[in-house]
Structure formats: C-alpha cells, structure tokens
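Below is the file coords-v8.txt, which contains compact mmCIF, C-alpha atoms.
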```txt
# COMPACT_ATOMS: atom_id res chain seq x y z
CA MET E 298 6.06 -97.41 122.50
CA LEU E 299 4.24 -99.32 125.09
CA LYS E 300 6.55 -102.07 124.51
CA THR E 301 9.56 -99.94 125.34
CA ASP E 302 8.01 -98.75 128.56
CA LEU E 303 7.19 -102.24 129.59
CA VAL E 304 10.66 -103.38 128.68
CA LEU E 305 12.24 -100.60 130.73
CA ALA E 306 9.98 -101.32 133.65
CA ALA E 307 10.86 -104.97 133.52
CA GLU E 308 14.53 -104.28 133.35
CA GLY E 309 14.36 -102.10 136.45
CA GLY E 310 14.98 -98.84 134.66
CA SER E 311 13.32 -95.69 135.76
CA ASN E 312 10.35 -94.31 133.99
CA PRO E 313 10.98 -90.76 132.73
CA ILE E 314 7.38 -89.82 133.33
CA ILE E 315 7.25 -90.83 136.97
CA PRO E 316 9.83 -88.93 139.02
CA ASP E 317 12.05 -90.54 141.58
CA ILE E 318 11.00 -90.17 145.21
CA PRO E 319 14.18 -88.38 146.33
CA GLU E 320 13.82 -85.96 143.43
CA LEU E 321 10.21 -85.41 144.33
CA ILE E 322 11.08 -84.66 147.96
CA LEU E 323 13.95 -82.40 146.91
CA GLY E 324 11.65 -80.54 144.49
CA ILE E 325 8.99 -80.10 147.19
CA VAL E 326 11.58 -78.80 149.69
CA ALA E 327 13.05 -76.41 147.09
CA PHE E 328 9.54 -75.25 146.21
CA LEU E 329 8.72 -74.67 149.90
CA ILE E 330 11.99 -72.75 150.37
CA LEU E 331 11.18 -70.70 147.29
CA LEU E 332 7.66 -70.05 148.65
CA PHE E 333 9.12 -69.02 152.01
CA LEU E 334 11.64 -66.66 150.36
CA LEU E 335 8.96 -65.18 148.12
CA LYS E 336 6.64 -64.69 151.11
CA LYS E 337 9.36 -63.29 153.34
CA TYR E 338 11.12 -60.92 150.89
CA VAL E 339 9.40 -60.51 147.55
CA VAL E 340 5.70 -60.36 148.51
CA PRO E 341 6.21 -57.55 151.12
CA ARG E 342 8.08 -55.52 148.53
CA PHE E 343 5.31 -56.09 146.00
CA GLU E 344 2.70 -55.20 148.65
CA ALA E 345 4.66 -52.07 149.64
CA ALA E 346 4.96 -51.06 145.98
CA TYR E 347 1.26 -51.80 145.51
CA GLU E 348 0.34 -49.79 148.64
CA GLU E 349 2.56 -46.91 147.55
CA ARG E 350 1.02 -46.96 144.11
CA ALA E 351 -2.49 -47.03 145.60
CA GLN E 352 -1.64 -44.09 147.88
CA LYS E 353 -0.22 -42.16 144.93
CA ILE E 354 -3.37 -42.82 142.98
CA GLU E 355 -5.57 -41.83 145.95
CA GLY E 356 -3.38 -38.77 146.55
CA GLY E 357 -3.63 -37.91 142.87
CA ILE E 358 -7.41 -38.24 143.04
CA GLU E 359 -7.49 -36.06 146.17
CA LYS E 360 -5.23 -33.51 144.50
CA ALA E 361 -7.39 -33.59 141.39
CA GLU E 362 -10.53 -33.11 143.49
CA LYS E 363 -8.86 -30.30 145.42
CA ALA E 364 -7.66 -28.68 142.17
CA GLN E 365 -11.14 -29.04 140.72
CA ALA E 366 -12.66 -27.42 143.82
CA GLU E 367 -10.12 -24.59 143.60
CA ALA E 368 -10.86 -24.21 139.89
CA GLU E 369 -14.58 -24.05 140.61
CA GLU E 370 -13.90 -21.46 143.34
CA ALA E 371 -11.75 -19.44 140.95
CA LEU E 372 -14.45 -19.73 138.28
CA ALA E 373 -17.10 -18.50 140.72
CA GLU E 374 -14.82 -15.62 141.76
CA TYR E 375 -14.12 -14.81 138.10
CA ARG E 376 -17.84 -14.81 137.34
CA ALA E 377 -18.49 -12.54 140.32
CA GLN E 378 -15.72 -10.18 139.20
CA LEU E 379 -17.09 -10.26 135.67
CA ALA E 380 -20.57 -9.42 136.95
CA ASP E 381 -19.09 -6.59 139.05
CA ALA E 382 -17.14 -5.32 136.04
CA ARG E 383 -20.26 -5.43 133.89
CA SER E 384 -22.30 -3.53 136.48
CA GLU E 385 -19.45 -1.03 136.89
CA ALA E 386 -19.28 -0.59 133.12
CA ALA E 387 -23.04 -0.07 133.00
CA LYS E 388 -22.77 2.49 135.81
CA ILE E 389 -19.93 4.30 134.03
CA ARG E 390 -21.91 4.24 130.79
CA ASP E 391 -24.99 5.66 132.57
CA ASP E 392 -22.88 8.31 134.31
CA ALA E 393 -21.28 9.26 130.99
CA ARG E 394 -24.71 9.47 129.36
CA LEU E 395 -25.98 11.65 132.22
CA GLU E 396 -22.87 13.84 132.06
CA ALA E 397 -23.28 14.17 128.29
CA GLU E 398 -26.89 15.27 128.77
CA GLN E 399 -25.77 17.83 131.37
CA ILE E 400 -23.02 19.12 129.09
CA LYS E 401 -25.51 19.31 126.21
CA ALA E 402 -27.96 21.24 128.40
CA GLU E 403 -25.18 23.58 129.57
CA LEU E 404 -24.01 24.17 126.00
CA ARG E 405 -27.59 24.76 124.90
CA ALA E 406 -28.08 27.28 127.74
CA GLU E 407 -24.77 28.99 126.91
CA ALA E 408 -25.69 29.14 123.23
CA GLU E 409 -29.10 30.56 124.09
CA ALA E 410 -27.56 33.17 126.39
CA GLU E 411 -24.98 34.03 123.72
CA SER E 412 -27.69 34.38 121.08
CA GLN E 413 -29.72 36.61 123.40
CA ARG E 414 -26.62 38.70 124.09
CA ILE E 415 -25.93 38.99 120.36
CA VAL E 416 -29.57 39.94 119.69
CA ALA E 417 -29.49 42.53 122.49
CA GLN E 418 -26.20 43.90 121.20
CA GLY E 419 -27.65 44.06 117.68
CA GLN E 420 -30.74 45.86 118.95
CA ALA E 421 -28.59 48.32 120.87
CA GLN E 422 -26.50 48.86 117.77
CA LEU E 423 -29.65 49.37 115.71
CA GLN E 424 -30.95 51.89 118.26
CA ALA E 425 -27.63 53.74 118.14
CA GLN E 426 -27.67 53.75 114.33
CA LYS E 427 -31.33 54.84 114.36
CA ALA E 428 -30.51 57.71 116.71
CA GLN E 429 -27.56 58.70 114.52
CA ILE E 430 -29.65 58.54 111.35
CA ILE E 431 -32.43 60.56 113.01
CA ALA E 432 -29.88 63.18 114.09
CA GLU E 433 -28.41 63.30 110.58
CA LEU E 434 -31.90 63.53 109.07
CA ARG E 435 -32.84 66.31 111.48
CA ALA E 436 -29.73 68.22 110.54
CA ASP E 437 -30.45 67.70 106.83
CA MET E 438 -34.12 68.55 107.32
CA GLY E 439 -33.11 71.59 109.30
CA ARG E 440 -30.83 72.82 106.53
CA ASN E 441 -33.43 72.05 103.92
CA ALA E 442 -36.15 73.72 106.00
CA VAL E 443 -34.00 76.83 106.52
CA GLU E 444 -33.20 76.96 102.85
CA LEU E 445 -36.86 76.53 101.89
CA ALA E 446 -37.97 79.02 104.47
CA SER E 447 -35.38 81.49 103.18
CA ARG E 448 -36.75 81.11 99.70
CA ILE E 449 -40.35 81.37 100.82
CA VAL E 450 -39.86 84.27 103.17
CA GLY E 451 -37.43 85.90 100.84
CA GLU E 452 -34.99 86.89 103.47
CA SER E 453 -31.90 85.25 104.67
CA LEU E 454 -32.12 83.25 107.88
CA GLU E 455 -28.50 83.41 108.59
CA ASP E 456 -28.73 84.20 112.17
CA GLU E 457 -27.74 80.95 113.85
CA ALA E 458 -29.92 81.30 116.95
CA ARG E 459 -32.90 82.15 114.86
CA ARG E 460 -32.30 79.36 112.48
CA ARG E 461 -32.01 76.83 115.26
CA GLY E 462 -35.16 78.03 116.94
CA THR E 463 -37.06 77.83 113.67
CA VAL E 464 -35.72 74.34 112.91
CA ASP E 465 -36.42 73.05 116.41
CA ARG E 466 -39.96 74.42 116.30
CA PHE E 467 -40.54 72.87 112.88
CA LEU E 468 -39.24 69.46 114.00
CA ALA E 469 -41.33 69.57 117.20
CA GLU E 470 -44.43 70.27 115.11
CA LEU E 471 -43.51 67.39 112.81
CA GLU E 472 -43.10 64.98 115.75
CA THR E 473 -46.42 65.97 117.29
CA ALA E 474 -48.12 65.63 113.92
CA SER E 475 -46.62 62.20 113.34
CA ALA E 476 -47.48 61.12 116.92
CA THR E 477 -51.08 62.24 116.35
CA ASN E 478 -51.25 60.41 113.03
CA GLY E 479 -49.65 57.29 114.55
CA ALA E 480 -52.07 57.30 117.52
CA GLY E 481 -55.05 57.80 115.20
CA LYS E 482 -54.31 54.63 113.30
```
Give the structure from the file, written as structure tokens.
Amino acid sequence: MLKTDLVLAAEGGSNPIIPDIPELILGIVAFLILLFLLKKYVVPRFEAAYEERAQKIEGGIEKAEKAQAEAEEALAEYRAQLADARSEAAKIRDDARLEAEQIKAELRAEAEAESQRIVAQGQAQLQAQKAQIIAELRADMGRNAVELASRIVGESLEDEARRRGTVDRFLAELETASATNGAGK
C-alpha cells in the first residue's frame, strides 16, 4: 500500500488522507457558521429550557416543602383536636359516672323511703287489725262472761245496761290485772 501512496504522490494525485486546502478552509468556515448559529439560536433555547426546568424543579421542591409544612401543621392540629376529644371523652365519662352515682343514691334513698312507708303502713294496718281483734275478743269475752255469770248467779242478765256495765267492769279488772302482771315481770 505504501507503494500506491507513493505512486499517487509522484503522479500529482491527491492523497485521500490529507484534505485539500480549499476544502479545509470551507470546512472551517462552515464549522464556524454552524458554531455561530448554534450559539445564537440553539444554545439560548437550550439554556431557557434548562432554566425553566430548573425553576420547575425548584418550584416543585418549594411546593413540596410548603405542602410538607402544611401537612405537619395539619398533623399538629389533628393531634391537638384528638387530645381535646380524648379529654372531652374523659370528662363526659367522669360526668356520666358521677351522674350514675347520684342516680344510684337517689334510687337508694327512694327505695329506703318507700320501704319505710311500706313498713309504717304495715304497722298501721297491724295496729288497726289488733284493735279490731281486741274489740271482737272483748265482745266475745263479754258474751261469754255474761253467759258464765248468768250460769253462776243463776239469774238472767238480760238487761242490756246491766250486762254492759258488768262486762266493762270485768274487762277493766282484767286490764289492770294484766298491766300489774306485765309491770311485775
């Protein structure tokens, strides 16, 4: 191959590896024009796009930081509201417990009053029944006493006023005797 290059060089042919001077100048001028056009039109557009992209990224970061700050604020507010709700729930629970104790005490007092009323009513009823039984027993004792006295005396005690006087006297003596015996115990 060296031989072919030497032969071409000797014949005055151009070497394909070494460019011609006019081509070299034309290539340099075209390259400089291309550099000028790139610098004048393309590079500013790339720089503007780059600047816009950088601003969007910075704006996005600022927005993200702002959103994060707002989220932290909202979280703090939520936690405060949650704490308030918990304290309010505890207060309501304590109030309900206190109210339940008061209601229980009121119901207990009402039940106690009702039981005392029932006991008092029962005692009054017992006293009334006792008085009625005593009256019935007196009447029976009176009849029995009159009948016995009639048999013992042998005469009829049919006179009502007499009979009542005798029965009343007999019962009065019985009461004083039982009162004396009861006091002696």
May I have the centre and edge lengths, in Å to one decimal, of an axis-aligned box around the listed atoms of region 398-403 of chain E with 5 Å added to every side, as lines of an AutoDock Vina configuration file?
```
center_x = -25.5
center_y = 19.4
center_z = 128.8
size_x = 14.9
size_y = 18.3
size_z = 15.2
```
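Closest approach to Arg440 (chain E) among E:Leu331, E:Val464, E:Ala410, E:Ile325: E:Val464, based on all atoms listed in the file.
The interatomic distance for the pair CA of Ala446 (chain E) and CA of Phe467 (chain E) works out to 10.7 Å.
From CA of Leu323 (chain E) back to CA of Lys337 (chain E), the distance works out to 20.7 Å.
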